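Printed here is coords18.csv (CSV, C-alpha atoms):
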```csv
chain,number,residue,atom,x,y,z
A,27,MET,CA,-95.3,-133.1,193.3
A,28,GLY,CA,-97.3,-132.0,190.3
A,29,GLY,CA,-95.5,-129.6,187.9
A,30,GLY,CA,-92.2,-130.0,189.8
A,31,PRO,CA,-88.7,-129.5,188.4
A,32,LEU,CA,-88.7,-133.0,186.9
A,33,GLY,CA,-92.1,-132.9,185.3
A,34,SER,CA,-95.5,-134.6,185.8
A,35,ASP,CA,-97.2,-136.5,188.5
A,36,GLU,CA,-96.9,-139.7,186.5
A,37,SER,CA,-93.1,-139.5,186.9
A,38,GLU,CA,-92.5,-140.0,190.6
A,39,GLU,CA,-90.1,-142.8,190.0
A,40,ALA,CA,-87.6,-140.4,188.2
A,41,SER,CA,-88.0,-137.7,190.7
A,42,GLY,CA,-87.4,-140.1,193.6
A,43,GLN,CA,-84.3,-141.5,191.8
A,44,MET,CA,-82.8,-138.0,191.3
A,45,GLU,CA,-83.7,-137.0,194.8
A,46,THR,CA,-82.3,-140.2,196.3
A,47,THR,CA,-79.1,-139.8,194.3
A,48,SER,CA,-78.7,-136.1,195.3
A,49,ARG,CA,-79.5,-136.7,199.0
A,50,GLU,CA,-76.9,-139.5,199.1
A,51,GLY,CA,-74.4,-137.1,197.7
A,52,ALA,CA,-75.4,-134.5,200.2
A,53,GLN,CA,-75.1,-136.9,203.1
A,54,ALA,CA,-71.7,-138.0,201.8
A,55,GLN,CA,-70.6,-134.4,201.5
A,56,GLY,CA,-71.9,-133.4,204.9
A,57,ALA,CA,-69.1,-134.8,206.9
A,58,GLU,CA,-69.2,-134.1,210.6
A,59,GLY,CA,-66.9,-131.5,211.9
A,60,GLY,CA,-66.8,-129.7,208.6
A,61,GLN,CA,-64.0,-131.8,207.3
A,62,GLN,CA,-62.9,-131.3,203.8
A,63,LEU,CA,-63.7,-134.2,201.5
A,64,PRO,CA,-61.3,-135.8,199.0
A,65,PHE,CA,-63.3,-134.9,195.8
A,66,ALA,CA,-60.1,-135.0,193.7
A,67,ARG,CA,-59.8,-138.7,194.6
A,68,ARG,CA,-63.1,-139.6,192.9
A,69,THR,CA,-62.6,-141.6,189.7
A,70,VAL,CA,-63.5,-140.3,186.3
A,71,ASP,CA,-65.2,-143.6,185.3
A,72,GLY,CA,-68.8,-142.5,185.9
A,73,TYR,CA,-68.3,-139.3,184.0
A,74,LEU,CA,-66.9,-141.2,181.0
A,75,LYS,CA,-70.2,-143.2,180.8
A,76,ALA,CA,-72.3,-140.1,180.1
A,77,SER,CA,-73.8,-139.7,176.6
A,78,PHE,CA,-73.8,-135.9,177.0
A,79,PRO,CA,-71.0,-133.3,177.3
A,80,TRP,CA,-69.9,-132.1,180.7
A,81,TYR,CA,-69.7,-128.4,181.5
A,82,GLY,CA,-67.4,-126.5,183.8
A,83,LEU,CA,-66.1,-123.0,184.2
A,84,ASP,CA,-64.3,-121.7,181.1
A,85,GLU,CA,-60.6,-121.1,180.6
A,86,ALA,CA,-60.8,-117.7,182.3
A,87,PHE,CA,-60.9,-119.7,185.6
A,88,THR,CA,-57.3,-120.8,186.4
A,89,GLY,CA,-57.8,-122.3,189.9
A,90,PRO,CA,-58.1,-125.9,191.0
A,91,ARG,CA,-60.7,-128.2,189.4
A,92,TRP,CA,-62.0,-131.4,190.9
A,93,LEU,CA,-64.6,-134.2,190.5
A,94,MET,CA,-67.6,-134.6,192.7
A,95,GLN,CA,-70.2,-137.3,191.8
A,96,VAL,CA,-72.6,-138.4,189.0
A,97,GLY,CA,-76.2,-139.3,189.4
A,98,THR,CA,-77.7,-142.4,187.6
A,99,ALA,CA,-81.1,-143.8,186.7
A,100,ALA,CA,-82.2,-147.2,187.9
A,101,ASP,CA,-80.8,-148.8,184.8
A,102,GLY,CA,-77.3,-147.2,185.4
A,103,THR,CA,-77.7,-144.4,182.8
A,104,VAL,CA,-75.8,-141.3,183.8
A,105,GLU,CA,-78.3,-138.5,184.1
A,106,HIS,CA,-76.4,-135.7,185.8
A,107,GLY,CA,-73.2,-134.8,187.7
A,108,SER,CA,-71.1,-132.1,189.2
A,109,THR,CA,-67.6,-130.6,188.8
A,110,GLY,CA,-66.0,-128.4,191.4
A,111,HIS,CA,-63.8,-125.3,191.0
A,112,GLY,CA,-61.7,-123.4,193.6
A,113,ASP,CA,-61.5,-124.5,197.2
A,114,GLU,CA,-62.8,-127.9,198.1
A,115,PRO,CA,-65.6,-126.9,200.4
A,116,SER,CA,-66.2,-128.2,203.9
A,117,VAL,CA,-69.6,-127.9,205.6
A,118,ARG,CA,-70.0,-124.3,206.6
A,119,ASN,CA,-71.0,-123.5,210.2
A,120,ASP,CA,-71.3,-120.3,212.1
A,121,ALA,CA,-68.5,-121.2,214.4
A,122,THR,CA,-65.8,-120.9,211.8
A,123,GLU,CA,-65.0,-118.0,209.6
A,124,ASP,CA,-66.0,-118.8,206.0
A,125,LYS,CA,-63.1,-118.2,203.7
A,126,GLU,CA,-63.8,-120.8,201.1
A,127,ARG,CA,-64.2,-119.7,197.5
A,128,PHE,CA,-65.8,-122.3,195.2
A,129,ALA,CA,-68.2,-122.8,192.3
A,130,VAL,CA,-69.8,-126.1,191.4
A,131,VAL,CA,-71.2,-126.7,188.0
A,132,VAL,CA,-74.1,-129.2,187.6
A,133,THR,CA,-74.7,-130.7,184.1
A,134,VAL,CA,-78.1,-132.4,183.6
A,135,ALA,CA,-78.9,-134.4,180.4
A,136,ALA,CA,-81.9,-132.9,178.6
A,137,ASN,CA,-84.3,-135.9,178.5
A,138,PRO,CA,-87.9,-136.0,177.4
A,139,VAL,CA,-90.6,-138.1,179.2
A,140,ARG,CA,-89.6,-141.7,178.6
A,141,HIS,CA,-90.5,-145.2,179.7
A,142,SER,CA,-88.8,-146.7,182.8
A,143,ALA,CA,-86.3,-149.5,182.5
A,144,ASP,CA,-89.0,-152.1,183.5
A,145,GLY,CA,-91.6,-150.7,181.2
A,146,THR,CA,-94.1,-150.1,184.0
A,147,GLY,CA,-94.1,-146.3,184.1
A,148,LEU,CA,-92.7,-143.1,182.8
A,149,LEU,CA,-89.5,-141.3,183.8
A,150,GLU,CA,-89.9,-137.6,184.2
A,151,ALA,CA,-88.5,-135.1,181.7
A,152,THR,CA,-85.6,-133.0,182.8
A,153,SER,CA,-85.7,-129.2,182.5
A,154,VAL,CA,-83.9,-126.1,183.7
A,155,SER,CA,-85.8,-126.5,186.9
A,156,SER,CA,-84.1,-129.9,187.4
A,157,ALA,CA,-80.7,-128.2,187.2
A,158,ALA,CA,-81.9,-125.4,189.6
A,159,TRP,CA,-83.1,-127.9,192.1
A,160,LEU,CA,-79.9,-130.0,192.0
A,161,ALA,CA,-77.8,-126.9,192.4
A,162,GLY,CA,-80.0,-125.7,195.3
A,163,VAL,CA,-79.6,-129.0,197.1
A,164,GLY,CA,-75.9,-129.1,196.4
A,165,LEU,CA,-75.4,-125.7,198.1
A,166,LEU,CA,-77.4,-126.9,201.1
A,167,SER,CA,-75.1,-129.9,201.5
A,168,PHE,CA,-72.3,-127.6,202.5
A,169,THR,CA,-74.3,-125.6,205.0
A,170,TRP,CA,-74.7,-126.2,208.7
A,171,PRO,CA,-76.7,-123.6,210.7
A,172,GLY,CA,-74.8,-122.9,213.9
A,173,GLN,CA,-77.9,-123.1,216.1
A,174,LEU,CA,-78.6,-126.7,215.1
A,175,ASP,CA,-77.0,-129.8,216.6
A,176,HIS,CA,-76.1,-132.8,214.6
A,177,GLY,CA,-79.4,-134.6,215.4
A,178,LEU,CA,-81.5,-131.8,214.0
A,179,ARG,CA,-79.5,-131.2,210.8
A,180,ASP,CA,-81.3,-134.0,208.8
A,181,ASP,CA,-84.7,-132.4,209.6
A,182,TRP,CA,-83.4,-129.0,208.6
A,183,LEU,CA,-81.9,-130.4,205.4
A,184,ASP,CA,-85.2,-132.1,204.5
A,185,GLN,CA,-87.1,-128.9,205.0
A,186,GLN,CA,-84.6,-126.8,203.0
A,187,THR,CA,-84.6,-129.4,200.2
A,188,GLU,CA,-88.3,-129.1,199.9
A,189,THR,CA,-87.9,-125.3,199.8
A,190,ALA,CA,-85.3,-125.7,197.0
A,191,TRP,CA,-87.8,-127.8,195.1
A,192,VAL,CA,-90.5,-125.2,195.4
A,193,LEU,CA,-88.2,-122.4,194.3
A,194,ALA,CA,-86.9,-124.4,191.3
A,195,ASP,CA,-90.5,-125.1,190.3
A,196,ASP,CA,-91.1,-121.3,189.9
A,197,LEU,CA,-88.2,-119.9,188.0
A,198,THR,CA,-90.2,-116.9,186.9
A,199,GLY,CA,-91.1,-116.0,190.4
A,200,PRO,CA,-89.8,-113.1,192.5
A,201,ASP,CA,-87.1,-115.1,194.1
A,202,TRP,CA,-85.2,-115.3,190.8
A,203,SER,CA,-83.6,-112.7,188.6
A,204,ALA,CA,-82.1,-112.9,185.1
A,205,LEU,CA,-78.4,-113.1,184.6
A,206,SER,CA,-76.6,-113.3,181.3
A,207,LEU,CA,-73.3,-115.3,181.3
A,208,PRO,CA,-71.2,-116.7,178.4
A,209,VAL,CA,-71.7,-120.4,177.6
A,210,ASP,CA,-69.1,-121.6,175.0
A,211,GLY,CA,-68.6,-117.9,174.3
A,212,VAL,CA,-72.3,-117.2,173.6
A,213,PRO,CA,-74.3,-114.9,175.9
A,214,THR,CA,-76.9,-117.1,177.6
A,215,SER,CA,-79.7,-116.3,180.0
A,216,PHE,CA,-79.7,-117.8,183.4
A,217,HIS,CA,-82.1,-117.8,186.4
A,218,TYR,CA,-80.2,-116.6,189.4
A,219,ARG,CA,-80.9,-116.2,193.1
A,220,GLU,CA,-78.9,-115.5,196.3
A,221,SER,CA,-79.4,-116.6,199.8
A,222,GLU,CA,-77.6,-116.5,203.1
A,223,PHE,CA,-75.9,-119.7,202.1
A,224,GLY,CA,-74.6,-118.6,198.7
A,225,TRP,CA,-75.9,-118.3,195.2
A,226,VAL,CA,-77.6,-120.6,192.7
A,227,LEU,CA,-78.2,-120.3,189.0
A,228,ALA,CA,-79.6,-122.5,186.1
A,229,GLY,CA,-80.0,-122.3,182.3
A,230,SER,CA,-79.8,-124.4,179.2
A,231,THR,CA,-77.1,-124.8,176.5
A,232,ARG,CA,-77.0,-125.3,172.8
A,233,GLU,CA,-75.5,-128.7,173.4
A,234,GLY,CA,-78.7,-130.1,174.6
A,235,VAL,CA,-78.0,-130.1,178.3
A,236,HIS,CA,-79.2,-128.0,181.3
A,237,VAL,CA,-76.5,-126.3,183.4
A,238,GLY,CA,-76.9,-125.4,187.1
A,239,ALA,CA,-74.3,-123.9,189.3
A,240,TYR,CA,-73.9,-122.9,193.0
A,241,GLY,CA,-71.1,-121.3,195.0
A,242,ARG,CA,-69.9,-119.2,197.8
A,243,GLY,CA,-67.1,-116.6,198.2
A,244,MET,CA,-66.8,-116.4,194.4
A,245,SER,CA,-69.1,-114.0,192.5
A,246,ALA,CA,-71.3,-115.5,189.9
A,247,TYR,CA,-71.3,-112.4,187.8
A,248,GLY,CA,-67.9,-112.9,186.4
A,249,LEU,CA,-68.2,-116.6,185.5
A,250,GLY,CA,-68.4,-118.3,182.1
A,251,PHE,CA,-69.1,-121.9,181.2
A,252,ALA,CA,-67.8,-124.2,178.6
A,253,VAL,CA,-67.8,-127.8,177.5
A,254,ILE,CA,-65.1,-129.7,179.3
A,255,LYS,CA,-62.8,-131.1,176.6
A,256,ASP,CA,-61.1,-133.6,178.9
A,257,ILE,CA,-63.0,-134.6,182.0
A,258,SER,CA,-60.0,-136.6,183.2
A,259,ALA,CA,-58.1,-133.4,183.8
A,260,TYR,CA,-60.4,-132.9,186.8
A,261,ALA,CA,-59.4,-136.1,188.4
```

When written as C-alpha cells, how does the structure in this file appear?
Amino acid sequence: MGGGPLGSDESEEASGQMETTSREGAQAQGAEGGQQLPFARRTVDGYLKASFPWYGLDEAFTGPRWLMQVGTAADGTVEHGSTGHGDEPSVRNDATEDKERFAVVVTVAANPVRHSADGTGLLEATSVSSAAWLAGVGLLSFTWPGQLDHGLRDDWLDQQTETAWVLADDLTGPDWSALSLPVDGVPTSFHYRESEFGWVLAGSTREGVHVGAYGRGMSAYGLGFAVIKDISAYA
C-alpha cells in the first residue's frame, strides 16, 4: 500500500512481516469465550534482545504491569513490542458488561529504509504511523462485536485492520486530534482518536523510538510515559 504507515511500495516485505506478527498476536489474544490470557506468564527474553528502550506508563501509574509480546523481523531482530497496564483484558463482547480498565503501550524502533536480511529488497522505514497502526490493531484484538458469530470475526477483523491502516496513514486527517502528554517528563505531542472500541494514540520520543498506546476504561488524558528502567519488573 503506497505511502502506508511503514513507508514505500518497495517495502512490502517489512509491512507483511509487521502485519503477520501483529495478526498472530491478535489471534493469540482473541481467545474464544473472552477468556483472560496469561500475559504475565510471558517471558522477558524477547524484550531483552531489543536494541532500543522500552516505554510504559510512568510512575504515576501504580497498578499492575504485565508483558504482552514482541514483534521481530525475518532475521530475528526485535522491531516492536507491547507492555500492559491495569486489568489484563479479555475479548470484549456486547453480552458482558465491560468493566476492564487497561492501557497498552507499544514501542516501535525508529528504523530508516534498509536492506532485507537476504539482500534482495528493502525493508520499510518505521514512523509514527507504524505505532498508530499497531496500536489500532492491538485494540481491535480485544473487541468482539456482539452481532457476529465466531466464523465471521476473522472477516470483521480483516476489514477493521485495513481501516486501522488507512487511519494510521492519515494522522493529519479529521479522525485524529492533537493531545499533549508527558514523555520522560517532557510535554510531547501525540495523535489521538477515539472509537466505540476505545482510544488510540501515537507519537515519537527523544530516545529515537515511536510510541503508540491504546486502552479502554482508562482515560488517555491523564497518562504519562517513561522509559522502563527494568523490563523484568513486568514479568

Next on the checklist: So that I can see what lies close to Asp201 in chain A, please list as a PyMOL selection string the residues with an atom at most 12 Å from it, counting all atoms listed in the file and leaving out residues fewer than 3 positions away in the same chain.
Outcome noted: chain A and resi 189-190+192-198+204+217-221+225-227

Dump C-alpha atoms for the selected residues as an mmCIF file, in the coordinates of the input?
```
data_model
loop_
_atom_site.group_PDB
_atom_site.id
_atom_site.type_symbol
_atom_site.label_atom_id
_atom_site.label_comp_id
_atom_site.auth_asym_id
_atom_site.auth_seq_id
_atom_site.Cartn_x
_atom_site.Cartn_y
_atom_site.Cartn_z
ATOM 1 C CA THR A 189 -87.900 -125.300 199.800
ATOM 2 C CA ALA A 190 -85.300 -125.700 197.000
ATOM 3 C CA VAL A 192 -90.500 -125.200 195.400
ATOM 4 C CA LEU A 193 -88.200 -122.400 194.300
ATOM 5 C CA ALA A 194 -86.900 -124.400 191.300
ATOM 6 C CA ASP A 195 -90.500 -125.100 190.300
ATOM 7 C CA ASP A 196 -91.100 -121.300 189.900
ATOM 8 C CA LEU A 197 -88.200 -119.900 188.000
ATOM 9 C CA THR A 198 -90.200 -116.900 186.900
ATOM 10 C CA ALA A 204 -82.100 -112.900 185.100
ATOM 11 C CA HIS A 217 -82.100 -117.800 186.400
ATOM 12 C CA TYR A 218 -80.200 -116.600 189.400
ATOM 13 C CA ARG A 219 -80.900 -116.200 193.100
ATOM 14 C CA GLU A 220 -78.900 -115.500 196.300
ATOM 15 C CA SER A 221 -79.400 -116.600 199.800
ATOM 16 C CA TRP A 225 -75.900 -118.300 195.200
ATOM 17 C CA VAL A 226 -77.600 -120.600 192.700
ATOM 18 C CA LEU A 227 -78.200 -120.300 189.000
#
```

Next on the checklist: One number please: CA of Ala161 in chain A to CA of Ala239 in chain A, in Å, one decimal.
Outcome noted: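 Computing it gives 5.6 Å between the two atoms.
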
Checklist entry - Of the residues A:Gly110, A:Gly234, A:Pro200, A:Gly89, which is the one nearest to Arg68 in chain A, using only C-alpha atoms? => result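 Selected residue with least distance to Arg68 in chain A: A:Gly110.
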
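Among the candidates A:Phe128, A:Tyr73, A:Phe87, A:Trp80, the residue lying nearest to Met244 in chain A is A:Phe128 (atoms considered: only C-alpha atoms).
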
Next on the checklist: Considering all atoms listed in the file, can you say which of A:Ser215, A:Glu222, A:Val134, A:Asp84 comes closest to Ser155 in chain A?
Outcome noted: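 Of all the options, A:Val134 lies closest to Ser155 in chain A.
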
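Using all atoms listed in the file, the nearest neighbour of Thr88 in chain A within the list A:His236, A:Lys75, A:His111, A:His106 is A:His111.
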